[in-house]
>>> print(open('upload.tsv').read())   # TSV, C-alpha atoms
chain	number	residue	atom	x	y	z
A	1	MET	CA	0.00	0.00	0.00
A	2	THR	CA	1.33	3.43	-1.00
A	3	LEU	CA	0.74	6.35	1.32
A	4	ALA	CA	-0.41	9.61	-0.21
A	5	PRO	CA	1.96	12.54	0.32
A	6	MET	CA	1.09	14.94	3.11
A	7	THR	CA	0.11	17.79	0.84
A	8	PRO	CA	-1.87	20.59	2.48
A	9	LEU	CA	-5.30	21.23	1.04
A	10	ALA	CA	-5.03	25.02	1.40
A	11	ALA	CA	-2.49	27.69	2.16
A	12	LEU	CA	-2.23	31.42	2.69
A	13	PRO	CA	-0.24	33.12	-0.07
A	14	SER	CA	2.25	35.92	0.53
A	15	PRO	CA	2.73	38.99	-1.66
A	16	GLY	CA	5.77	38.84	-3.92
A	17	THR	CA	6.10	42.62	-3.98
A	18	ALA	CA	6.20	45.03	-1.03
A	19	VAL	CA	7.38	48.14	-2.90
A	20	TRP	CA	5.88	49.96	-5.90
A	21	GLN	CA	7.50	52.78	-7.82
A	22	LEU	CA	5.52	55.97	-8.37
A	23	GLY	CA	7.98	57.64	-10.70
A	24	PRO	CA	11.13	58.14	-8.62
A	25	VAL	CA	9.22	57.73	-5.35
A	26	PRO	CA	9.00	54.23	-3.80
A	27	ILE	CA	5.64	53.39	-2.21
A	28	ARG	CA	6.25	50.82	0.51
A	29	ALA	CA	3.45	48.60	1.83
A	30	TYR	CA	4.97	48.54	5.32
A	31	ALA	CA	4.94	52.33	5.56
A	32	LEU	CA	1.38	52.50	4.23
A	33	CYS	CA	0.21	50.05	6.88
A	34	ILE	CA	1.90	52.09	9.61
A	35	ILE	CA	0.19	55.26	8.36
A	36	VAL	CA	-3.22	53.62	8.15
A	37	GLY	CA	-2.76	52.23	11.65
A	38	ILE	CA	-1.93	55.70	12.98
A	39	VAL	CA	-5.07	57.10	11.34
A	40	VAL	CA	-7.21	54.36	12.91
A	41	ALA	CA	-5.74	55.04	16.35
A	42	CYS	CA	-6.31	58.79	15.96
A	43	VAL	CA	-9.95	58.36	14.91
A	44	VAL	CA	-10.75	56.09	17.87
A	45	THR	CA	-8.86	58.31	20.32
A	46	GLU	CA	-10.52	61.49	19.03
A	47	TYR	CA	-13.97	59.97	19.52
A	48	ARG	CA	-13.18	58.85	23.06
A	49	LEU	CA	-11.54	62.14	24.03
A	50	ARG	CA	-14.61	64.09	22.92
A	51	ARG	CA	-16.81	61.87	25.07
A	52	ARG	CA	-14.62	62.85	28.02
A	53	GLY	CA	-15.03	66.57	27.29
A	54	VAL	CA	-11.88	67.36	25.30
A	55	ALA	CA	-12.23	69.90	22.49
A	56	PRO	CA	-12.33	68.63	18.89
A	57	GLY	CA	-8.99	68.24	17.15
A	58	ALA	CA	-6.94	67.69	20.30
A	59	VAL	CA	-5.78	64.29	19.05
A	60	LEU	CA	-3.94	65.95	16.17
A	61	ASP	CA	-1.97	68.12	18.59
A	62	ILE	CA	-1.11	65.00	20.56
A	63	ALA	CA	-0.21	62.96	17.48
A	64	VAL	CA	2.23	65.62	16.29
A	65	TRP	CA	4.41	64.73	19.30
A	66	ALA	CA	3.44	61.13	20.01
A	67	VAL	CA	3.84	59.65	16.51
A	68	PRO	CA	7.43	60.79	15.80
A	69	ALA	CA	8.47	59.96	19.36
A	70	GLY	CA	6.86	56.53	19.02
A	71	ILE	CA	8.64	55.76	15.75
A	72	ILE	CA	11.98	56.87	17.19
A	73	GLY	CA	11.42	54.80	20.32
A	74	ALA	CA	10.38	51.75	18.28
A	75	ARG	CA	13.46	51.92	16.12
A	76	LEU	CA	15.78	52.52	19.06
A	77	TYR	CA	14.43	49.45	20.84
A	78	HIS	CA	14.91	47.32	17.73
A	79	VAL	CA	18.46	48.54	17.16
A	80	ILE	CA	19.46	48.19	20.82
A	81	THR	CA	18.09	44.66	21.10
A	82	SER	CA	19.55	43.56	17.74
A	83	PRO	CA	22.85	45.45	17.56
A	84	GLU	CA	24.67	42.77	15.55
A	85	LYS	CA	22.67	43.71	12.45
A	86	TYR	CA	23.94	47.27	12.44
A	87	PHE	CA	27.23	47.32	14.33
A	88	GLY	CA	30.30	45.14	14.55
A	89	ALA	CA	32.33	43.47	11.83
A	90	ASP	CA	29.44	42.60	9.52
A	91	GLY	CA	27.07	45.39	10.60
A	92	GLN	CA	25.74	48.22	8.45
A	93	PRO	CA	25.23	51.29	10.70
A	94	LEU	CA	23.30	53.28	8.09
A	95	LYS	CA	20.72	50.50	7.93
A	96	ALA	CA	19.62	51.56	11.42
A	97	PHE	CA	17.73	54.42	9.75
A	98	ALA	CA	15.99	52.20	7.16
A	99	ILE	CA	12.72	51.79	9.04
A	100	TRP	CA	10.86	51.07	5.78
A	101	GLU	CA	12.56	47.69	5.68
A	102	GLY	CA	10.92	46.70	8.95
A	103	GLY	CA	12.26	46.53	12.47
A	104	LEU	CA	10.09	48.53	14.87
A	105	GLY	CA	9.75	47.28	18.43
A	106	ILE	CA	6.33	47.81	19.95
A	107	TRP	CA	7.86	48.19	23.40
A	108	GLY	CA	9.90	51.17	22.28
A	109	ALA	CA	6.96	52.54	20.31
A	110	VAL	CA	4.71	52.59	23.38
A	111	ALA	CA	7.44	54.07	25.59
A	112	GLY	CA	8.45	56.76	23.09
A	113	GLY	CA	4.86	57.55	22.15
A	114	ALA	CA	3.95	57.88	25.83
A	115	VAL	CA	6.68	60.49	26.33
A	116	GLY	CA	5.45	62.47	23.33
A	117	ALA	CA	1.80	62.18	24.39
A	118	TRP	CA	2.68	63.23	27.94
A	119	PHE	CA	4.42	66.36	26.68
A	120	ALA	CA	1.51	67.25	24.39
A	121	ALA	CA	-1.04	66.61	27.14
A	122	ARG	CA	0.80	69.02	29.43
A	123	GLN	CA	0.70	71.69	26.75
A	124	LEU	CA	-3.05	71.19	26.30
A	125	GLY	CA	-3.83	70.95	30.00
A	126	ILE	CA	-5.26	67.42	29.67
A	127	PRO	CA	-4.47	64.82	32.37
A	128	PHE	CA	-2.21	62.18	30.84
A	129	ALA	CA	-4.33	59.36	32.27
A	130	VAL	CA	-7.31	60.59	30.24
A	131	VAL	CA	-5.24	60.48	27.05
A	132	ALA	CA	-3.93	57.00	27.83
A	133	ASP	CA	-7.40	55.59	28.53
A	134	ALA	CA	-8.77	57.16	25.35
A	135	LEU	CA	-5.96	55.56	23.33
A	136	ALA	CA	-6.34	52.11	24.92
A	137	PRO	CA	-8.61	50.46	22.29
A	138	GLY	CA	-7.19	52.38	19.33
A	139	LEU	CA	-3.60	51.32	19.85
A	140	PRO	CA	-4.16	47.54	19.44
A	141	LEU	CA	-6.23	48.24	16.33
A	142	ALA	CA	-3.31	50.23	14.92
A	143	GLN	CA	-0.97	47.36	15.73
A	144	ALA	CA	-3.27	44.93	13.94
A	145	VAL	CA	-3.13	47.06	10.79
A	146	GLY	CA	0.65	47.39	11.11
A	147	ARG	CA	1.06	43.61	11.15
A	148	VAL	CA	-0.27	43.49	7.62
A	149	GLY	CA	2.97	45.22	6.63
A	150	ASN	CA	4.87	42.22	7.97
A	151	TRP	CA	2.83	40.03	5.62
A	152	PHE	CA	3.96	42.14	2.65
A	153	ASN	CA	7.56	41.93	3.84
A	154	ASN	CA	7.36	38.12	4.22
A	155	GLU	CA	8.57	38.29	7.82
A	156	LEU	CA	7.58	37.41	11.39
A	157	TYR	CA	6.33	33.92	10.66
A	158	GLY	CA	6.56	30.85	12.86
A	159	GLY	CA	7.57	27.25	12.49
A	160	ARG	CA	6.48	24.71	9.90
A	161	THR	CA	2.84	23.59	9.88
A	162	SER	CA	0.38	21.58	7.78
A	163	LEU	CA	-2.68	23.54	8.92
A	164	PRO	CA	-5.03	24.90	6.23
A	165	TRP	CA	-3.96	28.43	7.06
A	166	GLY	CA	-0.27	27.65	6.69
A	167	LEU	CA	1.64	30.52	5.10
A	168	GLU	CA	3.65	30.46	1.92
A	169	VAL	CA	6.81	32.51	2.38
A	170	HIS	CA	8.84	34.00	-0.45
A	171	VAL	CA	12.60	34.20	-0.54
A	172	MET	CA	13.21	37.96	-0.76
A	173	ASP	CA	15.83	39.28	-3.17
A	174	PRO	CA	18.68	40.93	-1.20
A	175	ASP	CA	19.72	42.88	-4.31
A	176	ASN	CA	16.20	44.17	-4.93
A	177	PRO	CA	14.64	44.97	-1.52
A	178	GLY	CA	10.90	44.64	-1.35
A	179	HIS	CA	10.71	42.04	-4.13
A	180	ALA	CA	10.76	38.25	-4.13
A	181	LEU	CA	13.70	36.40	-5.61
A	182	ARG	CA	12.81	34.83	-8.99
A	183	ASP	CA	14.13	31.74	-10.73
A	184	ASP	CA	15.34	31.53	-14.33
A	185	ALA	CA	11.76	31.16	-15.53
A	186	GLY	CA	10.71	34.33	-13.74
A	187	ASN	CA	8.68	32.59	-11.03
A	188	PRO	CA	9.01	33.73	-7.41
A	189	VAL	CA	11.00	31.39	-5.21
A	190	LEU	CA	9.22	30.05	-2.11
A	191	GLN	CA	10.59	28.71	1.13
A	192	PRO	CA	10.00	24.95	1.40
A	193	GLY	CA	6.77	24.03	3.20
A	194	LEU	CA	4.21	26.18	5.03
A	195	TYR	CA	4.64	28.23	8.18
A	196	HIS	CA	2.55	29.58	11.05
A	197	PRO	CA	1.43	33.14	10.20
A	198	THR	CA	2.31	34.51	13.62
A	199	PHE	CA	1.82	38.08	12.42
A	200	LEU	CA	-1.79	37.13	11.63
A	201	TYR	CA	-2.22	35.52	15.04
A	202	GLU	CA	-1.04	38.72	16.66
A	203	ALA	CA	-3.27	40.89	14.47
A	204	LEU	CA	-6.36	38.87	15.40
A	205	TRP	CA	-5.34	38.85	19.06
A	206	ASN	CA	-4.98	42.65	19.01
A	207	ILE	CA	-8.48	43.05	17.60
A	208	GLY	CA	-9.73	40.89	20.46
A	209	VAL	CA	-7.82	43.03	22.97
A	210	ALA	CA	-9.45	46.18	21.56
A	211	ALA	CA	-12.89	44.59	21.94
A	212	LEU	CA	-12.04	43.49	25.50
A	213	VAL	CA	-10.99	47.00	26.49
A	214	LEU	CA	-14.14	48.53	25.01
A	215	VAL	CA	-16.47	46.07	26.76
A	216	LEU	CA	-14.83	46.20	30.20
A	217	ASP	CA	-14.33	49.96	30.02
A	218	ARG	CA	-18.02	50.45	29.36
A	219	LYS	CA	-19.00	48.03	32.12
A	220	LEU	CA	-16.52	49.00	34.83
A	221	ARG	CA	-16.19	52.74	33.98
A	222	LEU	CA	-12.41	52.49	34.08
A	223	GLY	CA	-10.35	55.59	34.76
A	224	ARG	CA	-6.97	56.75	36.12
A	225	GLY	CA	-5.14	54.94	33.31
A	226	ARG	CA	-6.62	51.53	34.13
A	227	ALA	CA	-8.08	51.06	30.64
A	228	PHE	CA	-4.59	51.48	29.21
A	229	ALA	CA	-3.21	49.04	31.79
A	230	LEU	CA	-5.88	46.54	30.69
A	231	TYR	CA	-4.71	46.91	27.09
A	232	VAL	CA	-1.09	46.32	28.14
A	233	MET	CA	-2.05	43.18	30.06
A	234	GLY	CA	-4.10	41.83	27.16
A	235	TYR	CA	-1.46	42.51	24.55
A	236	THR	CA	1.48	41.13	26.52
A	237	ALA	CA	-0.43	37.95	27.39
A	238	GLY	CA	-0.87	37.24	23.69
A	239	ARG	CA	2.59	38.37	22.73
A	240	PHE	CA	4.04	35.92	25.27
A	241	TRP	CA	2.76	32.77	23.55
A	242	ILE	CA	2.99	34.15	20.00
A	243	GLU	CA	6.63	35.11	20.55
A	244	LEU	CA	7.39	31.52	21.53
A	245	MET	CA	6.16	30.39	18.08
A	246	ARG	CA	8.34	32.75	16.05
A	247	THR	CA	11.47	31.49	14.34
A	248	ASP	CA	13.02	34.73	13.10
A	249	GLU	CA	16.38	35.76	14.50
A	250	ALA	CA	16.36	37.22	18.00
A	251	ASN	CA	18.61	37.55	21.02
A	252	HIS	CA	18.04	35.07	23.84
A	253	ILE	CA	18.39	35.19	27.62
A	254	LEU	CA	18.64	31.81	29.38
A	255	GLY	CA	17.56	30.17	26.18
A	256	VAL	CA	14.36	32.23	25.86
A	257	ARG	CA	13.73	35.03	23.36
A	258	LEU	CA	14.28	38.52	24.77
A	259	ASN	CA	10.77	39.67	23.87
A	260	VAL	CA	9.28	36.81	25.89
A	261	TRP	CA	10.98	38.14	29.01
A	262	THR	CA	9.91	41.68	28.14
A	263	ALA	CA	6.28	40.62	27.69
A	264	ALA	CA	6.25	38.86	31.06
A	265	LEU	CA	7.78	41.78	32.95
A	266	VAL	CA	5.55	44.39	31.32
A	267	PHE	CA	2.48	42.25	32.04
A	268	LEU	CA	3.35	42.09	35.73
A	269	GLY	CA	3.89	45.85	35.86
A	270	ALA	CA	0.55	46.55	34.20
A	271	LEU	CA	-1.21	44.06	36.48
A	272	ALA	CA	0.22	45.73	39.59
A	273	TYR	CA	-0.94	49.14	38.34
A	274	PHE	CA	-4.42	47.86	37.47
A	275	VAL	CA	-4.88	46.28	40.91
A	276	ARG	CA	-3.46	49.09	43.03
A	277	VAL	CA	-4.87	52.17	41.30
A	278	ARG	CA	-8.47	53.03	42.08
A	279	GLY	CA	-10.76	55.97	41.42
A	280	PRO	CA	-13.67	57.09	39.25
A	281	ARG	CA	-13.41	57.88	35.57
A	282	GLU	CA	-12.29	61.44	34.88
A	283	TYR	CA	-14.34	63.90	32.82
A	284	LEU	CA	-13.18	67.34	31.74
A	285	ILE	CA	-14.72	70.76	31.29
A	286	PRO	CA	-12.88	73.60	29.56
A	287	VAL	CA	-11.19	76.34	31.52
A	288	GLY	CA	-10.39	79.78	30.15
A	289	THR	CA	-12.13	79.45	26.77
A	290	PRO	CA	-11.57	82.70	24.85
A	291	ALA	CA	-14.75	84.66	24.16
A	292	ALA	CA	-16.02	84.98	20.60
A	293	PRO	CA	-15.15	88.31	18.91
A	294	VAL	CA	-17.88	90.95	19.25
A	295	PRO	CA	-18.62	93.37	16.37
A	296	PRO	CA	-17.83	97.03	17.16
A	297	ALA	CA	-20.63	99.12	18.64
A	298	GLY	CA	-22.44	101.63	16.43
A	299	GLY	CA	-22.71	99.34	13.44
A	300	ASP	CA	-19.46	100.46	11.78
A	301	VAL	CA	-19.34	97.89	8.99
A	302	SER	CA	-15.89	99.03	7.87
A	303	GLN	CA	-14.37	97.51	11.02
A	304	VAL	CA	-15.99	94.07	10.65
A	305	ASP	CA	-13.81	91.25	9.33
A	306	LEU	CA	-16.06	89.89	6.58
A	307	SER	CA	-13.56	87.22	5.51
A	308	ALA	CA	-13.63	85.69	8.99
A	309	ARG	CA	-17.43	85.74	8.98
A	310	GLU	CA	-17.58	84.03	5.60
A	311	ALA	CA	-15.11	81.38	6.73
A	312	GLY	CA	-17.37	80.54	9.65
A	313	ALA	CA	-16.61	80.26	13.34
A	314	ARG	CA	-13.50	78.31	14.09
A	315	PRO	CA	-13.31	76.27	17.26
A	316	VAL	CA	-10.84	77.73	19.72
A	317	ALA	CA	-9.01	75.38	22.05
A	318	PRO	CA	-9.43	76.20	25.75
A	319	GLU	CA	-6.52	77.17	27.93
A	320	GLY	CA	-6.91	74.00	29.97
A	321	TYR	CA	-9.38	71.62	31.56
A	322	ARG	CA	-10.78	70.88	34.99
A	323	VAL	CA	-11.52	67.34	36.17
A	324	VAL	CA	-15.13	66.78	37.26
A	325	SER	CA	-17.30	63.82	38.14
A	326	GLU	CA	-19.50	62.06	35.61
A	327	GLU	CA	-22.64	63.60	37.12
A	328	GLN	CA	-21.18	67.10	36.98
A	329	PHE	CA	-20.10	66.54	33.40
A	330	ARG	CA	-23.57	65.36	32.39
A	331	THR	CA	-25.12	68.43	34.01
A	332	TYR	CA	-22.65	70.68	32.25
A	333	ARG	CA	-23.46	69.10	28.87
A	334	GLU	CA	-27.22	69.44	29.42
A	335	THR	CA	-27.40	72.92	30.94
A	336	GLY	CA	-24.07	74.58	30.15
A	337	GLU	CA	-23.71	75.43	33.84
A	338	VAL	CA	-20.15	75.18	35.09
A	339	PRO	CA	-20.06	73.31	38.42
A	340	ALA	CA	-18.57	75.07	41.40
A	341	GLU	CA	-14.98	74.12	41.98
A	342	GLU	CA	-14.66	72.02	45.11
A	343	PRO	CA	-11.79	72.96	47.43
A	344	SER	CA	-8.94	70.52	47.36
A	345	ALA	CA	-7.43	68.88	50.41
A	346	THR	CA	-4.50	71.28	50.19
A	347	ASP	CA	-6.80	74.29	50.17
A	348	GLU	CA	-8.68	72.94	53.19
A	349	ALA	CA	-5.41	72.39	55.06
A	350	ASP	CA	-4.25	75.92	54.22
A	351	ARG	CA	-7.58	77.36	55.36
A	352	ASP	CA	-7.46	75.44	58.65
A	353	GLU	CA	-3.89	76.59	59.21
A	354	THR	CA	-4.90	80.20	58.53
A	355	ASP	CA	-7.85	79.99	60.93
A	356	ALA	CA	-5.61	78.50	63.62
A	357	THR	CA	-3.07	81.27	63.10
A	358	ASP	CA	-5.76	83.96	63.32
A	359	ALA	CA	-7.14	82.40	66.50
A	360	THR	CA	-3.66	82.30	68.02
A	361	ASP	CA	-3.03	85.95	67.11
A	362	GLU	CA	-6.36	86.99	68.63
A	363	THR	CA	-5.56	85.12	71.83
A	364	ASP	CA	-2.14	86.79	71.95
A	365	ARG	CA	-3.72	90.20	71.46
A	366	ILE	CA	-6.22	89.63	74.24
A	367	ALA	CA	-3.55	88.33	76.61
A	368	THR	CA	-1.24	91.24	75.78
A	369	GLY	CA	-4.04	93.77	76.31
A	370	ASP	CA	-4.95	92.31	79.68
A	371	ALA	CA	-1.32	92.33	80.76
A	372	ASP	CA	-0.88	95.97	79.71
A	373	ARG	CA	-4.00	97.05	81.57
A	374	ALA	CA	-2.89	95.20	84.70
A	375	ALA	CA	0.52	96.85	84.56
A	376	THR	CA	-1.06	100.29	84.14
A	377	ASP	CA	-3.36	99.76	87.11
A	378	ALA	CA	-0.47	98.53	89.23
A	379	GLU	CA	1.60	101.56	88.29
A	380	GLY	CA	-1.28	103.89	89.14
A	381	VAL	CA	-1.76	102.30	92.51
A	382	GLU	CA	1.97	102.64	93.18
A	383	ARG	CA	2.03	106.34	92.24
A	384	GLU	CA	-1.00	107.25	94.37
A	385	PRO	CA	0.45	106.44	97.84
A	386	ALA	CA	3.68	108.21	97.06
A	387	GLY	CA	1.77	111.36	96.10
A	388	GLU	CA	-0.27	111.30	99.32
A	389	VAL	CA	2.92	111.03	101.43
A	390	ARG	CA	4.47	114.05	99.75
A	391	ALA	CA	1.25	116.07	100.23
A	392	ASP	CA	1.20	115.27	103.98
A	393	GLU	CA	4.80	116.40	104.37
A	394	ASP	CA	4.04	119.74	102.68
A	395	ARG	CA	1.06	120.36	104.98
A	396	ALA	CA	3.20	119.63	108.06
A	397	ASP	CA	5.80	122.22	107.00
A	398	GLU	CA	3.09	124.85	106.59
A	399	ASP	CA	1.68	124.13	110.05
A	400	ARG	CA	5.09	124.56	111.68
A	401	ALA	CA	5.62	127.90	109.98
A	402	GLY	CA	2.26	129.25	111.20
A	403	ALA	CA	3.07	128.39	114.80
A	404	GLY	CA	5.87	131.05	115.11
A	405	GLY	CA	8.70	129.55	113.45
A	406	ALA	CA	8.71	132.47	110.87
A	407	ARG	CA	10.23	136.15	111.45
A	408	PRO	CA	7.67	139.14	111.61
A	409	ALA	CA	7.85	141.28	108.51
A	410	ASP	CA	7.62	144.86	110.32
A	411	ARG	CA	10.20	144.60	113.26
A	412	ASP	CA	13.00	147.04	111.89
A	413	SER	CA	10.70	149.75	110.53
>>> encode(input="upload.tsv", output="C-alpha cells")
Amino acid sequence: MTLAPMTPLAALPSPGTAVWQLGPVPIRAYALCIIVGIVVACVVTEYRLRRRGVAPGAVLDIAVWAVPAGIIGARLYHVITSPEKYFGADGQPLKAFAIWEGGLGIWGAVAGGAVGAWFAARQLGIPFAVVADALAPGLPLAQAVGRVGNWFNNELYGGRTSLPWGLEVHVMDPDNPGHALRDDAGNPVLQPGLYHPTFLYEALWNIGVAALVLVLDRKLRLGRGRAFALYVMGYTAGRFWIELMRTDEANHILGVRLNVWTAALVFLGALAYFVRVRGPREYLIPVGTPAAPVPPAGGDVSQVDLSAREAGARPVAPEGYRVVSEEQFRTYRETGEVPAEEPSATDEADRDETDATDATDETDRIATGDADRAATDAEGVEREPAGEVRADEDRADEDRAGAGGARPADRDS
C-alpha cells in the first residue's frame, strides 16, 4: 500500500512585492500600513476624548508629538536589542535608519509615544491618564493594521505547519529589496513548506484586545489609566505565547527570546498598576475658553472682518481643563452650567492653618491687652500712695511755719 503525500489542502499566499515605484518615489506597503494604523488610532482616540469633554482636534496636537516619538522609540528598541545587524564586523550602521525595511519594536513605540503624548497633554492641559485611557482600544487596532505590513515583507512567521492556514513565504531578493527572488523562468522562489502566520495571530489577538478594552471599560467605567493598563495586560499575554512560536532571528536570555521576558515583565507591571490604582473615571470641562469676537458698537461695517465671517466660526481650544465627576459633566453638557470648583485637600489644610493662626493671634492680642492694663493699674496704685505722702509732708511744714517759726515782717521799721 502506498501512502499519499502529506500535501496541504489550502495555504495562505504571501505577496511577492512590497514596494511599488511611483515615478522616482518608492511606495512601501509597510509604511502604508503604519500610516493607516496611525489614522485608525487617531480616529478612535478622538472619539473617546470628545466623550470625556476634550475639544475637537486635540488628538492631532497629541499625534504631532506622540507619533514621531513613538517611531523613534520603536526603532531605538529594535536597534538596541539587535545590535549585531547594524554594528560590529558585519554590521551596516546606516541601515539603522531604514525603518521602511521593517524593524520597529512595539515596546519602544509605546514608551516613546507615551513620552510624546505626555508632553503634548501638558501643553493642552489634559491629564495624561485621560489620554492613555482614550488611546487604549485604538492602539491595538493600529498594531493589527501594522502587522499586515509584515505580511507584505514576508517576515515574522513561525515554524512549519500543515494547517489549512499555513503561510507560503517568499525568498526575498537581497539585491532588490521589497521584491521576491525569482528563478530563471521568472517565477518567485518560495521557502519549502508552510509556516505559522504569527503576524496574523497577533493581528487577530490585538483586535480581540481592543474589543475586551471597550467592553470592560463600558461596564466598569475604568479611569486613572486603568483602561490602558488593561490593554497592556491583554497585549502582553498574547505576545508571550505568540513570541514563543516565532522562528526569526532574535537575542536570547537563558535560552528564551528577549521579547518573551519583556512581555512577562511588562504584564506584571501593568497588572500591579491595574490592581493598586483606584478611582472614578475622569471627565473634563474647559477652563479659560476665549470669548467669541464681538462686532464694534455703532454698526461700523468698515471695522468688521467679513472674511472671517464668511469662513465661519473656528473652534478655539481652551486654555486648559478641569476634572469633574461624571454627574457634573452630564449636568454641564445638558445645561451649560459650570459646576462650582470644590476645594482641594491642600486648600482645606491651608484654610485650617490660617484659621488657627488667626485664633492664636487673637488670643495673643487679648492676653497682651490684659497684661498691659494690669501693669497700668499697678503703676497707678503705686504712684498714688507716694503722692499722698508728699502732700502730707508739705502740709506739716506749713503748720510749723504758722506756729511762730517764721520772722515778723515789720520789726525794723
>>> closest_residue(input="upload.tsv", among="A:Ala229, A:Met245, A:Ala74, A:Leu94", to="Gly159 of chain A", atoms="all atoms listed in the file")
A:Met245
>>> atom_distance(input="upload.tsv", atom1="atom CA of His170 of chain A", atom2="atom CA of Trp151 of chain A")
10.5 Å
>>> atom_distance(input="upload.tsv", atom1="atom CA of Leu265 of chain A", atom2="atom CA of Gly238 of chain A")
13.5 Å
>>> closest_residue(input="upload.tsv", among="A:Asn251, A:Leu139, A:Arg278, A:Glu337", to="Leu220 of chain A", atoms="only C-alpha atoms")
A:Arg278
>>> closest_residue(input="upload.tsv", among="A:Ala18, A:Ala120, A:Val209, A:Leu284", to="Ala227 of chain A", atoms="only C-alpha atoms")
A:Val209
>>> closest_residue(input="upload.tsv", among="A:Trp205, A:Tyr77, A:Trp241, A:Phe329", to="Leu104 of chain A", atoms="all atoms listed in the file")
A:Tyr77
>>> decode(input="upload.tsv", residues="segment 164-170 of chain A", atoms="all heavy atoms", output="PDB file, in the first residue's frame")
ATOM      1  N   PRO A 164      -4.487  24.288   7.452  1.00  0.00           N
ATOM      2  CA  PRO A 164      -5.026  24.896   6.226  1.00  0.00           C
ATOM      3  C   PRO A 164      -4.650  26.363   6.058  1.00  0.00           C
ATOM      4  O   PRO A 164      -4.657  26.870   4.939  1.00  0.00           O
ATOM      5  CB  PRO A 164      -6.538  24.711   6.386  1.00  0.00           C
ATOM      6  CG  PRO A 164      -6.700  23.586   7.342  1.00  0.00           C
ATOM      7  CD  PRO A 164      -5.534  23.658   8.263  1.00  0.00           C
ATOM      8  N   TRP A 165      -4.366  27.015   7.162  1.00  0.00           N
ATOM      9  CA  TRP A 165      -3.960  28.431   7.057  1.00  0.00           C
ATOM     10  C   TRP A 165      -2.441  28.583   7.111  1.00  0.00           C
ATOM     11  O   TRP A 165      -1.926  29.672   7.411  1.00  0.00           O
ATOM     12  CB  TRP A 165      -4.613  29.246   8.156  1.00  0.00           C
ATOM     13  CG  TRP A 165      -4.358  28.738   9.544  1.00  0.00           C
ATOM     14  CD1 TRP A 165      -3.267  28.957  10.323  1.00  0.00           C
ATOM     15  CD2 TRP A 165      -5.226  27.904  10.315  1.00  0.00           C
ATOM     16  NE1 TRP A 165      -3.381  28.320  11.525  1.00  0.00           N
ATOM     17  CE2 TRP A 165      -4.588  27.664  11.561  1.00  0.00           C
ATOM     18  CE3 TRP A 165      -6.472  27.323  10.084  1.00  0.00           C
ATOM     19  CZ2 TRP A 165      -5.158  26.874  12.551  1.00  0.00           C
ATOM     20  CZ3 TRP A 165      -7.044  26.542  11.078  1.00  0.00           C
ATOM     21  CH2 TRP A 165      -6.393  26.323  12.296  1.00  0.00           C
ATOM     22  N   GLY A 166      -1.718  27.541   6.786  1.00  0.00           N
ATOM     23  CA  GLY A 166      -0.268  27.653   6.695  1.00  0.00           C
ATOM     24  C   GLY A 166       0.141  28.692   5.659  1.00  0.00           C
ATOM     25  O   GLY A 166      -0.498  28.873   4.626  1.00  0.00           O
ATOM     26  N   LEU A 167       1.221  29.364   5.917  1.00  0.00           N
ATOM     27  CA  LEU A 167       1.639  30.515   5.105  1.00  0.00           C
ATOM     28  C   LEU A 167       2.752  30.143   4.140  1.00  0.00           C
ATOM     29  O   LEU A 167       3.729  29.495   4.513  1.00  0.00           O
ATOM     30  CB  LEU A 167       2.123  31.635   6.028  1.00  0.00           C
ATOM     31  CG  LEU A 167       2.628  32.922   5.376  1.00  0.00           C
ATOM     32  CD1 LEU A 167       1.459  33.688   4.750  1.00  0.00           C
ATOM     33  CD2 LEU A 167       3.363  33.793   6.392  1.00  0.00           C
ATOM     34  N   GLU A 168       2.562  30.533   2.903  1.00  0.00           N
ATOM     35  CA  GLU A 168       3.648  30.462   1.924  1.00  0.00           C
ATOM     36  C   GLU A 168       4.555  31.680   2.104  1.00  0.00           C
ATOM     37  O   GLU A 168       4.069  32.810   2.191  1.00  0.00           O
ATOM     38  CB  GLU A 168       3.102  30.444   0.500  1.00  0.00           C
ATOM     39  CG  GLU A 168       2.265  29.229   0.165  1.00  0.00           C
ATOM     40  CD  GLU A 168       1.698  29.295  -1.234  1.00  0.00           C
ATOM     41  OE1 GLU A 168       1.713  30.405  -1.822  1.00  0.00           O
ATOM     42  OE2 GLU A 168       1.249  28.249  -1.742  1.00  0.00           O
ATOM     43  N   VAL A 169       5.850  31.438   2.135  1.00  0.00           N
ATOM     44  CA  VAL A 169       6.808  32.512   2.378  1.00  0.00           C
ATOM     45  C   VAL A 169       7.773  32.594   1.215  1.00  0.00           C
ATOM     46  O   VAL A 169       8.386  31.590   0.829  1.00  0.00           O
ATOM     47  CB  VAL A 169       7.577  32.286   3.695  1.00  0.00           C
ATOM     48  CG1 VAL A 169       8.601  33.408   3.918  1.00  0.00           C
ATOM     49  CG2 VAL A 169       6.616  32.195   4.873  1.00  0.00           C
ATOM     50  N   HIS A 170       7.914  33.789   0.655  1.00  0.00           N
ATOM     51  CA  HIS A 170       8.836  34.002  -0.446  1.00  0.00           C
ATOM     52  C   HIS A 170      10.263  34.212   0.061  1.00  0.00           C
ATOM     53  O   HIS A 170      10.474  34.734   1.166  1.00  0.00           O
ATOM     54  CB  HIS A 170       8.439  35.226  -1.272  1.00  0.00           C
ATOM     55  CG  HIS A 170       7.198  35.021  -2.081  1.00  0.00           C
ATOM     56  ND1 HIS A 170       5.952  35.440  -1.651  1.00  0.00           N
ATOM     57  CD2 HIS A 170       7.005  34.433  -3.287  1.00  0.00           C
ATOM     58  CE1 HIS A 170       5.044  35.145  -2.561  1.00  0.00           C
ATOM     59  NE2 HIS A 170       5.665  34.528  -3.579  1.00  0.00           N
TER      60      HIS A 170
END
